[in-house]
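A short worksheet on the structure shown next.
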Amino acid sequence: MTNSEIIERLFSLRDEKYADFTSGLIPTLPREKFIGVRTPALRSLAKEIYRSGDYRAFLSALPHRYYEEDNLHGFIICQMKDADECIAELRRFIPFTDNWATNDCTRPPVLKKHPEKTFSLASEYLKSKDTYTLRYGIGLLLSYFLDENFEERQLRLVSKIKSDEYYVNMMIAWYFATALAKQYESALPYIEKSILAPWVHNKTIQKATESYRVSEERKKHIKKLKIKSR
């Protein structure tokens with residue numbers, strides 16, 4: 001399928017009201033970037049394109065014009081079964097991501113099977129100065145390293161990130177809130193000792209206390225640790 005054919009397919013799935021809705025969720029992008037294609041349709045098209053084997057020209061056509069092209073790109077990468085191919089394509093694609101949604105939906109399942117390679121990629125991205133590349137690195141640790149591949153050093157790495165970017169700080173908060181749900185004993189000292197920036201600290205507490213995965217007893221303790229504004 002050629003790039004022009006892919007664009008035609010995307011516009012054939014267009015829903016203007018949905019484009020308006022999506023645009024409202026992503027205020028950092030202009031309205032004209034949105035076609036209005038729902039996620040299930042994008043995932044289905046990504047499977048079709050990947051299975052055809054004719055996807056490399058589209059993946060090479062960076063940067064894309066439309067938000068849905070970016071999401072389709074990410075979903076095609078998510079179809080990949082070879083970890084090295086997947087990581088190579090992520091390295092090419094992630095620096096072009098320009099919004100939180102595309103960034104967060106690109107979570108290839110194959111990475112879970114290769115923790116060493118995935119951690120190496122995450123560590124590389126944690127050093128980035130680019131907002132969404134850095135966010136993606138934190139997201140990798142959140143998605144793949146808070147269960148059986150968890151190590152306390154990962155918390156330390158994320159806690160050392162200092163940023164003025166809202167979308168980076170929000171991901172740090174999500175990471176620590178999830179860590180409080182999954183690795184409570186290891187994550188709690190970072191809150192008790194107020195290691196995180198105040199905004200991130202309080203947002204972490206908010207997200208953790210909203211989570212059904214954190215017990216009521218733990219929520220009561222966490223709430224007491226909120227930093228009061230002066």
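Chain labels follow the order of the structure tokens: the first chain is A, the next B, and so on; residue numbering restarts at 1 in every chain, and ligands are counted from 1 in their shown order.
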
As a VMD selection string, please: the residues near A:Arg135 (cut-off 8 Å, only C-alpha atoms, same-chain neighbours under 5 positions excluded). chain A and resid 103 126 167 to 168 171

Within 12 Å of stretch 161-166 of chain A, counting only C-alpha atoms, which residues qualify if same-chain residues fewer than 3 places away don't, as a CSV table (one decimal) with N, CA and C atoms, in the first residue's frame?
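And here is the file that came out, part-v1.csv:
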```csv
chain,number,residue,atom,x,y,z
A,28,THR,N,-1.9,20.8,22.4
A,28,THR,CA,-0.6,21.2,21.9
A,28,THR,C,-0.5,21.1,20.4
A,99,ASN,N,3.1,14.6,20.7
A,99,ASN,CA,2.0,14.7,21.6
A,99,ASN,C,2.0,13.5,22.5
A,100,TRP,N,1.3,13.7,23.6
A,100,TRP,CA,1.3,12.7,24.7
A,100,TRP,C,0.6,11.4,24.2
A,123,SER,N,17.0,3.8,29.2
A,123,SER,CA,18.1,4.5,29.8
A,123,SER,C,18.6,5.6,28.8
A,125,TYR,N,16.9,7.1,26.5
A,125,TYR,CA,15.9,8.1,26.3
A,125,TYR,C,15.8,9.0,27.6
A,126,LEU,N,16.1,8.4,28.7
A,126,LEU,CA,16.0,9.2,30.0
A,126,LEU,C,17.0,10.4,30.0
A,127,LYS,N,18.0,10.3,29.1
A,127,LYS,CA,19.0,11.3,29.0
A,127,LYS,C,18.7,12.4,28.0
A,128,SER,N,17.5,12.2,27.3
A,128,SER,CA,17.2,13.1,26.2
A,128,SER,C,16.7,14.5,26.7
A,129,LYS,N,16.9,15.5,25.9
A,129,LYS,CA,16.4,16.8,26.2
A,129,LYS,C,15.1,17.1,25.5
A,130,ASP,N,14.7,16.2,24.6
A,130,ASP,CA,13.4,16.3,23.9
A,130,ASP,C,12.2,15.8,24.8
A,131,THR,N,11.2,16.6,24.9
A,131,THR,CA,10.1,16.3,25.8
A,131,THR,C,9.5,14.9,25.6
A,132,TYR,N,9.1,14.6,24.4
A,132,TYR,CA,8.4,13.3,24.2
A,132,TYR,C,9.3,12.1,24.1
A,134,LEU,N,12.0,11.9,26.1
A,134,LEU,CA,12.2,11.7,27.6
A,134,LEU,C,10.9,11.0,28.2
A,135,ARG,N,9.7,11.5,27.8
A,135,ARG,CA,8.5,11.0,28.3
A,135,ARG,C,8.4,9.5,27.9
A,137,GLY,N,10.8,7.4,27.4
A,137,GLY,CA,11.7,6.6,28.2
A,137,GLY,C,11.1,6.2,29.6
A,138,ILE,N,10.5,7.2,30.2
A,138,ILE,CA,9.8,7.0,31.5
A,138,ILE,C,8.7,6.0,31.3
A,154,GLN,N,15.7,1.7,39.2
A,154,GLN,CA,14.8,2.4,38.2
A,154,GLN,C,14.1,3.6,38.8
A,155,LEU,N,13.7,3.4,40.0
A,155,LEU,CA,13.0,4.5,40.8
A,155,LEU,C,14.0,5.7,40.9
A,156,ARG,N,15.2,5.4,41.2
A,156,ARG,CA,16.3,6.4,41.4
A,156,ARG,C,16.5,7.2,40.1
A,157,LEU,N,16.5,6.5,39.0
A,157,LEU,CA,16.7,7.1,37.7
A,157,LEU,C,15.6,8.1,37.4
A,158,VAL,N,14.4,7.7,37.6
A,158,VAL,CA,13.3,8.6,37.3
A,158,VAL,C,13.2,9.8,38.3
A,169,ASN,N,6.7,15.9,33.5
A,169,ASN,CA,6.3,15.8,34.9
A,169,ASN,C,5.1,15.0,35.2
A,170,MET,N,4.1,15.0,34.3
A,170,MET,CA,2.9,14.2,34.5
A,170,MET,C,3.3,12.7,34.3
A,171,MET,N,4.2,12.4,33.4
A,171,MET,CA,4.6,11.0,33.3
A,171,MET,C,5.4,10.5,34.5
A,172,ILE,N,6.2,11.4,35.1
A,172,ILE,CA,7.0,11.0,36.3
A,172,ILE,C,5.9,10.7,37.4
A,173,ALA,N,4.9,11.6,37.5
A,173,ALA,CA,3.9,11.3,38.5
A,173,ALA,C,3.1,10.0,38.3
A,195,ILE,N,11.4,13.6,47.8
A,195,ILE,CA,12.5,13.6,46.8
A,195,ILE,C,12.1,14.2,45.5
A,196,LEU,N,10.8,14.1,45.2
A,196,LEU,CA,10.4,14.6,43.9
A,196,LEU,C,10.1,16.1,44.0
A,197,ALA,N,10.0,16.8,42.8
A,197,ALA,CA,9.6,18.2,42.8
A,197,ALA,C,8.2,18.3,43.4
A,198,PRO,N,7.9,19.4,44.1
A,198,PRO,CA,6.6,19.5,44.8
A,198,PRO,C,5.4,19.2,43.9
A,199,TRP,N,5.3,19.8,42.7
A,199,TRP,CA,4.2,19.5,41.8
A,199,TRP,C,4.1,18.0,41.5
A,200,VAL,N,5.2,17.4,41.2
A,200,VAL,CA,5.2,16.0,40.8
A,200,VAL,C,4.8,15.2,42.1
A,203,LYS,N,1.1,15.5,42.6
A,203,LYS,CA,0.3,14.8,41.5
A,203,LYS,C,0.4,13.3,41.7
```

So which bits of stretch 11-215 of chain A end up alpha helix (DSSP H) when you DSSP the backbone, as a ChimeraX atom specification? /A:11-12,16-25,39-52,56-60,67-78,83-93,100-105,115-125,131-144,152-159,166-182,184-192,198-210

Counting only C-alpha atoms, which residue out of A:His73, A:Lys193, A:Arg43, A:Arg9 sits closest to A:Ala57?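 Closest candidate: A:His73.
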
Fewer than 3 positions away in the same chain doesn't count, so skip those; otherwise give me all residues within 12 Å of A:Lys81, counting only C-alpha atoms, as a list in words.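 These residues fall inside the cut-off: Tyr50, Arg51, Ile76, Ile77, Cys78, Asp84, Glu85, Cys86, Ile87, Pro108, Pro109, Val110, Leu111, Lys112, Lys113 and His114 of chain A.
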
Compile the contact shell of A:Ile26 as a PyMOL selection string: residues with an atom at most 12 Å away, counting only C-alpha atoms, same-chain residues fewer than 2 positions apart removed. chain A and resi 19-24+28-31+33-34+67+98-103+167

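Using only C-alpha atoms, the smallest distance between any of A:Thr118, A:Asn71, A:Ser229, A:Ser60 and A:His201 comes from A:Ser229.
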
Using only C-alpha atoms, which protein or nucleic acid residues come within 9 Å of stretch 148-150 of chain A? Drop anything in the same chain fewer than 5 positions from it, and give the result as a list of chain:residue names. A:Pro115, A:Leu141, A:Gln183

Generate the output file for the selected residues, N, CA and C atoms, as a PDB file, in the first residue's frame.
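Output (selection.pdb):
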```pdb
ATOM      1  N   PRO A 115      13.811  -7.625  28.168  1.00  0.00           N
ATOM      2  CA  PRO A 115      14.008  -6.553  29.151  1.00  0.00           C
ATOM      3  C   PRO A 115      15.362  -5.853  29.069  1.00  0.00           C
ATOM      4  N   LEU A 141       9.684   2.393  31.336  1.00  0.00           N
ATOM      5  CA  LEU A 141       9.897   1.864  32.697  1.00  0.00           C
ATOM      6  C   LEU A 141       8.562   1.605  33.384  1.00  0.00           C
ATOM      7  N   GLN A 183       4.835  -1.499  43.671  1.00  0.00           N
ATOM      8  CA  GLN A 183       6.074  -1.690  44.448  1.00  0.00           C
ATOM      9  C   GLN A 183       6.071  -0.706  45.625  1.00  0.00           C
TER      10      GLN A 183
END
```

One decimal place gives the atom CA of A:Glu5-atom CA of A:Glu48 separation as 13.0 Å

Please identify all polymer residues within 12 Å of A:Arg213, counting only C-alpha atoms, omitting same-chain residues fewer than 4 positions from it, and present them as a list of chain:residue names.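 Once the adjacent positions are removed, what remains is A:Ala177, A:Thr178, A:Ala179, A:Leu180, A:Ala181, A:Lys182, A:Gln183, A:Tyr184, A:Lys207, A:Ala208, A:Thr209, A:Glu217, A:Arg218, A:Lys219.
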
Between A:Leu121, A:Ile7, A:Ile205, A:Ala187, which has the minimum distance to A:Arg91 (counting only C-alpha atoms)?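 Counting only C-alpha atoms, the residue closest to A:Arg91 is A:Leu121.
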
Report, in Å with one decimal, the straight-line distance from atom CA of A:Ile222 to atom CA of A:Asp104.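 Interatomic distance, atom CA of A:Ile222 to atom CA of A:Asp104: 26.5 Å.
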
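When only C-alpha atoms are used to measure the gap to A:Glu185, the shortest distance among A:Glu152, A:Glu89, A:Glu116, A:Glu8 belongs to A:Glu152.
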
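For the set A:Arg153, A:Arg107, A:Arg14, A:Lys220, the residue with the smallest atom-to-atom gap to A:Leu42 is A:Arg14, counting only C-alpha atoms.
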
Can you work out which one of A:Ala88, A:Cys105, A:Leu146, A:Leu10 has the shortest atom-to-atom distance to A:Lys117, counting only C-alpha atoms?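 The closest residue to A:Lys117 is A:Ala88.
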